[in-house]
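Encoded as structure tokens, the structure appears first; notes follow it.
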Amino acid sequence: MAFTFGGGAVNPAAALTAPGFGAPAATTAAATGFGFGSTTTGAFGGFGTTTTAAAAPGSTFSFAAPANTTGGLFGNTQNKGFGGFTSGLGTGTATGATGFGTGLGTTLGGFGGFNVQPTQQQQGGLFGQQPQPQAQPSLLYQQVTALSAPTLLGDERDAILAKWNQLQAYWGTGKGYYSNNAPPVDLTLENPFCRFKAVGYSCILGSKDEEGLVALALNKKEADVRSLQQQLVESLHKILGSIQSLTVNVEGVKALPDDQTEVIIYVVERSPNGTSKRIPASTLFSYVEQANIKAQLSQLGVLMSVTRTELSPAQLKQLIQNAPAGVDPIIWEQAKVDNPDAEKLIPVPMVGFKELLRRLKIQEQMTKQHQTRTDIISNDISELQKNQATTVAKIAQYKRKLMDLSHRVLQVLIKQEIQRKSGYAIQVDEEHLRVQLDTIQSELNAPTQFKGRLNELMSQIRMQNHFGAVRSEERYSVDADLLREIKQHLKQQQEGLSHLINVIKDDLEDIKLIEHGLNDSGHIRH
């Protein structure tokens, strides 16, 4: 088996079983093409465009298109492959051959479809021979057929096409070609084979339709919207027809990711008799969704509008009970079991990276708002703590003032009672009170009782105040290491003094012995 790159020869025996790279042109029957453009090669051709004949008979992968035909299976189109190239991978001109004539077309960006144009009828189904369908097959059947057993080419290249369809299905974009007798199936993010899926949770709205809340997403920053809020209200009132009985009110303004802002509005209608009611949210939403109204709103920077109403129990049950399109029922049931708060949260599917990024940005935005609110609450708490400390100090001050005023009132009452009782004899109850007061006075004047202790405490307080005033100017502190060294030095001095005292005591005893000896010797002489 010989492979040549360029214009070399090809082994004729090998040409019946395997393709060559750059084989010379052949002039025989049309081959089954897997071609990215027309070339002069007969087997695995290049990515060019010529008008020569097709490959030799029996070649397995023919990347060329035969000449003198009217159109290719994948058309003479100019689709962009993989979302980045300016054109397809070559241009095919064949119809007699079954091949990938043009490049890979795009559908939703990224990996595109193949832009198949069926030219011949071909039999064969998922597991071999397939009878003529009596009805349009289901979408799931078409997707399964495109991913498992396409019958577009009728040879081993269908396996490669099946893998390509699987890649598109996993990615969630493109078109799946599986038969010449049926159009390609769209492989969107909602297909059950898409791998980029997850389940999150969203809060259940508590607003009713009667409250009339409608959210408008504006392509403006929150600061700009707040500064121009009055102008926005006036513009919305003009869009509503400038009816005097209608009033536009703003319920709230909230920042969204990508420098967008959500404005929640409601409209109040006032009747001639003085009563007023809110326009239902469904009615207001239907009005703003009209084509001419949406055009006027888009001039104000409104990207979209949505109602802020809660779901009915039946709608909520139906929404939770049935798994969304493309989501595995087992995963959906597990998400319902893992719901942290079934009364306030509902599971929602997250399909694709864009949805995940959108929820991530919203989560970051909500985290910033919560942090801002937390900082505001923290500042309020600090301010309240300061006010509390001030209030406690004022309460203590007012208590002392109340006590002083009570003493003053008591003195006034005493003097008034003395004046009122002047000239009258002492009554029995007053005599009892006098005896009790004398007893209390004697107890207070006892040296060991309250008055003596009080005088002692007063004297100690005066002494502490005196010494405190004297020592207040001589305050100093000693380092711990220096204090330790001083203690060690004093200890050594103390030990030296003790040793010196012991030496002196020993010397005194020796002197006494000497004196005693001298005295004894004097007595002997006499």
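Chain labels A, B, ... are given in the sequence in which chains occur in the structure tokens; within each chain residues are numbered consecutively from 1, and ligands are likewise numbered from 1 in the order shown.
Assigned to strand (DSSP E or B) in region 157-231 of chain A, given DSSP computed from backbone atoms, are Lys175, Gly176, Val185, Asp186, Lys197, Ala198, Val199, Gly200, Tyr201, Ser202, Cys203, Val214, Ala215, Leu216, Ala217 and Leu218 of chain A.
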Selection near Ala215 (chain A), 6 Å with only C-alpha atoms, sequence-local residues under 3 positions removed, as a ChimeraX atom specification: /A:263-264,305-306
Dump as an mmCIF file, in the first residue's frame, selection limited to N, CA, C and O atoms:
data_model
loop_
_atom_site.group_PDB
_atom_site.id
_atom_site.type_symbol
_atom_site.label_atom_id
_atom_site.label_comp_id
_atom_site.auth_asym_id
_atom_site.auth_seq_id
_atom_site.Cartn_x
_atom_site.Cartn_y
_atom_site.Cartn_z
ATOM 1 N N VAL A 263 -36.233 48.042 36.710
ATOM 2 C CA VAL A 263 -37.161 49.015 37.272
ATOM 3 C C VAL A 263 -38.535 48.347 37.352
ATOM 4 O O VAL A 263 -39.059 47.875 36.336
ATOM 5 N N ILE A 264 -39.091 48.296 38.549
ATOM 6 C CA ILE A 264 -40.409 47.683 38.760
ATOM 7 C C ILE A 264 -41.427 48.820 38.865
ATOM 8 O O ILE A 264 -41.280 49.712 39.709
ATOM 9 N N SER A 305 -39.428 43.200 29.128
ATOM 10 C CA SER A 305 -40.371 43.410 30.226
ATOM 11 C C SER A 305 -40.931 42.068 30.650
ATOM 12 O O SER A 305 -41.049 41.144 29.835
ATOM 13 N N VAL A 306 -41.270 41.947 31.926
ATOM 14 C CA VAL A 306 -41.792 40.695 32.463
ATOM 15 C C VAL A 306 -42.670 41.016 33.659
ATOM 16 O O VAL A 306 -42.449 42.015 34.365
#
Between CA of Pro184 (chain A) and CA of Met350 (chain A), distance in Å (one decimal): 25.9 Å
Per-residue DSSP, region 256-482 of chain A, filtered to helix (DSSP H, G or I), as a ChimeraX atom specification: /A:281-288,291-299,313-321,329-337,352-421,428-445,450-474,480-482
Top pick for closest residue to Gly172 (chain A), considering A:Asp186, A:Glu430, A:Asp155, A:Glu443 and counting only C-alpha atoms: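 Going through A:Asp186, A:Glu430, A:Asp155, A:Glu443 one by one, the smallest distance to Gly172 (chain A) is for A:Asp186.
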Computed interatomic separation between CA of Trp164 (chain A) and CA of Leu147 (chain A) (Å):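 These two atoms are separated by 8.1 Å.
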Long-range neighbours of region 322-332 of chain A as a list of chain:residue names, 6 Å cut-off, only C-alpha atoms, 4 positions minimum in chain: A:Glu190, A:Asn191, A:Pro192
Coordinates-based distance that separates CA of Ala255 (chain A) from CA of Arg373 (chain A) (Å, one decimal): 13.6 Å
Neighbour list for region 233-247 of chain A as a list of chain:residue names, cut-off 10 Å, only C-alpha atoms, skip fewer than 6 positions in-chain: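 Counting only C-alpha atoms, the residues come to A:Ile265, A:Tyr266, A:Val267, A:Val268, A:Glu269, A:Arg270, A:Ser271, A:Pro272, A:Ser276, A:Lys277, A:Arg278, A:Ile279, A:Leu284, A:Tyr287, A:Val288, A:Asn292, A:Ile293, A:Lys294, A:Gln296, A:Leu297, A:Leu300.
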Non-local contacts of Trp171 (chain A) (7 Å; only C-alpha atoms; under 3 positions in same chain excluded) as a PyMOL selection string: chain A and resi 167-168+194-195
